[in-house]
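Structure first, commentary second.
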Amino acid sequence: MRVARFALTVLVAATLVAPTAPARAQPAPSAEAAFAHVQHLAGVIGPRVAGTPADRAAQEYLAGQLRQYGYAVELHTFQFPFFETRRVEVAQAGTPPRAIAAAALFYSAATPAGGLEADVVPVGLGQPADFEGRRVAGAIALIERGVITFREKVANAASRGAVAAVVYNTGPGVISGTLGARSEIPAVAISQDDGRRLVEAAQAGRVRLRLLVDTVVETRTSANVVGTKRGTTRPEEIIVVGGHFDSVAGAPGANDNASGTAAALEAARVLAGVPMARSLQVVLFAAEELGLYGSAAFASERRAGIVGMINLDMVGWGERLMIGASPGRDESVVNVAEQVAQRLGIPVTRFRAGASDHASFERQGVPVVFLHRGVDPYYHQPGDVPANVTPRHLAEAARLVVGIVMELAAARAGLLPVRPGG
């Protein structure tokens, strides 16, 4: 993803925004209607990996819903590096060998067809200094999760001659993560317990692992679903509401992220008949799980005129709705969201947002707010099913989105549209 710098988009601090009530009544978001979208996406279609038939089925469903609400709908196509895991086997050599549950990190290189076997060398967090004094060449680097990205950890191991990298979790279960691009060496994730056991064994003596990783990396095409409602007096200025509709392989993706998609759709339904000065675009993103590819393509190609972006990801579970932007980024729209939440009586907590589709817009100079309710116990697991999503949480998120959009669309928030250029 290319990152460009843009001029400051905020003319007036959001703290000066005067609370305003909608000029006309609109229907309230429906928990039942929003939950029906979750049921269809996660319950009927199921796992929605970008570049697969399920991905296309989800696109058709979402486009149909937005057309039904009266939006002008298009599919914004883009290419991305598709990734698929066909087989992963990890075992500690011995008599008998001890099988270890593992998952390939997205974009992991494959092992030779017959697999590989090598000594295990623990290298802490996998930072450059952690490799000092360690004989990693020809070995499997055992790395703890945290501090730096998976991609950096694996690249550091490869640069020192490791034949593979194994990253162990800092909590229960096997993690799912992406390298963002194809790695030079095979890279898998294991649980915290298995990782610590291997570290202790390697500190006591020689430990060997056998790895077999069969993966596919190829270029495929997917599409973001875009619904546009044209503004009345300043249509060239655009507010984007979005969330990703794809999921990881094997996970129905009810909370991650049929929940955010459903809340965005429900907000779109409520706002469909409300005249607004600025235009509204509801953009439902594909290929987020593989590395924000859908939102990155849209934000870089369609950034002109966007005054703000609202992102919803995992809003169906958790104690309290959280709002935020990435550390060090413009928080003007977050301030607007906080004021709107207070006016609507919706409890929110500010936080420093993690990686989701809003980050693609921040890189293009667009102020954002990210709505999130935390990571649930079924994150990236087969248990991420509709039964674990709370319908009233969806309605609450949609209600807040409606309020934020009404505030921004009234053109009173002092936000300047982003223009292409350096």
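If you're wondering about the labels, chains in the structure tokens are A, B, ... by order shown, residues count from 1 in each chain, ligands from 1 in order shown.
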
Quick one: contact table of range 94-127 of chain A to range 215-236 of chain A, 7 Å max, nearest atom pair and distance in Å to one decimal per residue, counting only C-alpha atoms, chain and number order, as a Markdown table?
| residue | atom | partner | partner_atom | distance |
| --- | --- | --- | --- | --- |
| A:Tyr107 | CA | A:Val217 | CA | 6.5 |
| A:Ala109 | CA | A:Thr215 | CA | 6.7 |
| A:Ala110 | CA | A:Thr215 | CA | 5.4 |

Fewer than 6 positions away in the same chain doesn't count, so skip those; otherwise give me all residues within 9 Å of Asn388 in chain A, counting only C-alpha atoms, as a short mmCIF file (atom, residue, chain, number, x, y, z; two decimals) with C-alpha atoms, in the first residue's frame.
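To be explicit, this is the file written out as out.cif:
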data_model
loop_
_atom_site.label_atom_id
_atom_site.label_comp_id
_atom_site.auth_asym_id
_atom_site.auth_seq_id
_atom_site.Cartn_x
_atom_site.Cartn_y
_atom_site.Cartn_z
CA ALA A 254 -20.78 -13.04 12.78
CA ASN A 255 -19.15 -10.48 15.05
CA GLY A 316 -21.95 -7.08 18.33
CA TRP A 317 -20.29 -8.19 21.57
CA TYR A 378 -14.66 -16.46 19.37
#

Just asking: which residues within range 120-330 of chain A are helix (DSSP H, G or I) according to DSSP, as a PyMOL selection string? chain A and resi 128-131+150-159+192-204+254-271+293-301

Report the closest atom pair, with its distance in Å rounded to one decimal, for each residue of range 246-327 of chain A that has an atom no farther than 8 Å from range 38-59 of chain A; count only C-alpha atoms, sort by chain and then rising residue number, and write it as a Markdown table.
| residue | atom | partner | partner_atom | distance |
| --- | --- | --- | --- | --- |
| A:Asp246 | CA | A:Arg48 | CA | 4.8 |
| A:Ser247 | CA | A:Arg48 | CA | 5.0 |
| A:Val248 | CA | A:Val49 | CA | 5.7 |
| A:Ala249 | CA | A:Val49 | CA | 5.9 |
| A:Gly250 | CA | A:Pro47 | CA | 6.0 |
| A:Ala251 | CA | A:Pro47 | CA | 5.3 |
| A:Pro252 | CA | A:Pro47 | CA | 4.2 |
| A:Gly253 | CA | A:Ala42 | CA | 5.7 |
| A:Ala254 | CA | A:Ala42 | CA | 5.0 |
| A:Ala258 | CA | A:Val38 | CA | 5.2 |
| A:Ser259 | CA | A:Val38 | CA | 6.0 |
| A:Ala262 | CA | A:Val38 | CA | 6.1 |
| A:Ala286 | CA | A:Ala50 | CA | 6.1 |
| A:Ala287 | CA | A:Ala50 | CA | 5.1 |

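Residues in contact range of Leu142 in chain A, defined as at most 6 Å between only C-alpha atoms, with sequence neighbours fewer than 3 positions away removed, read Val121, Pro122, Val123 and Val166 of chain A.
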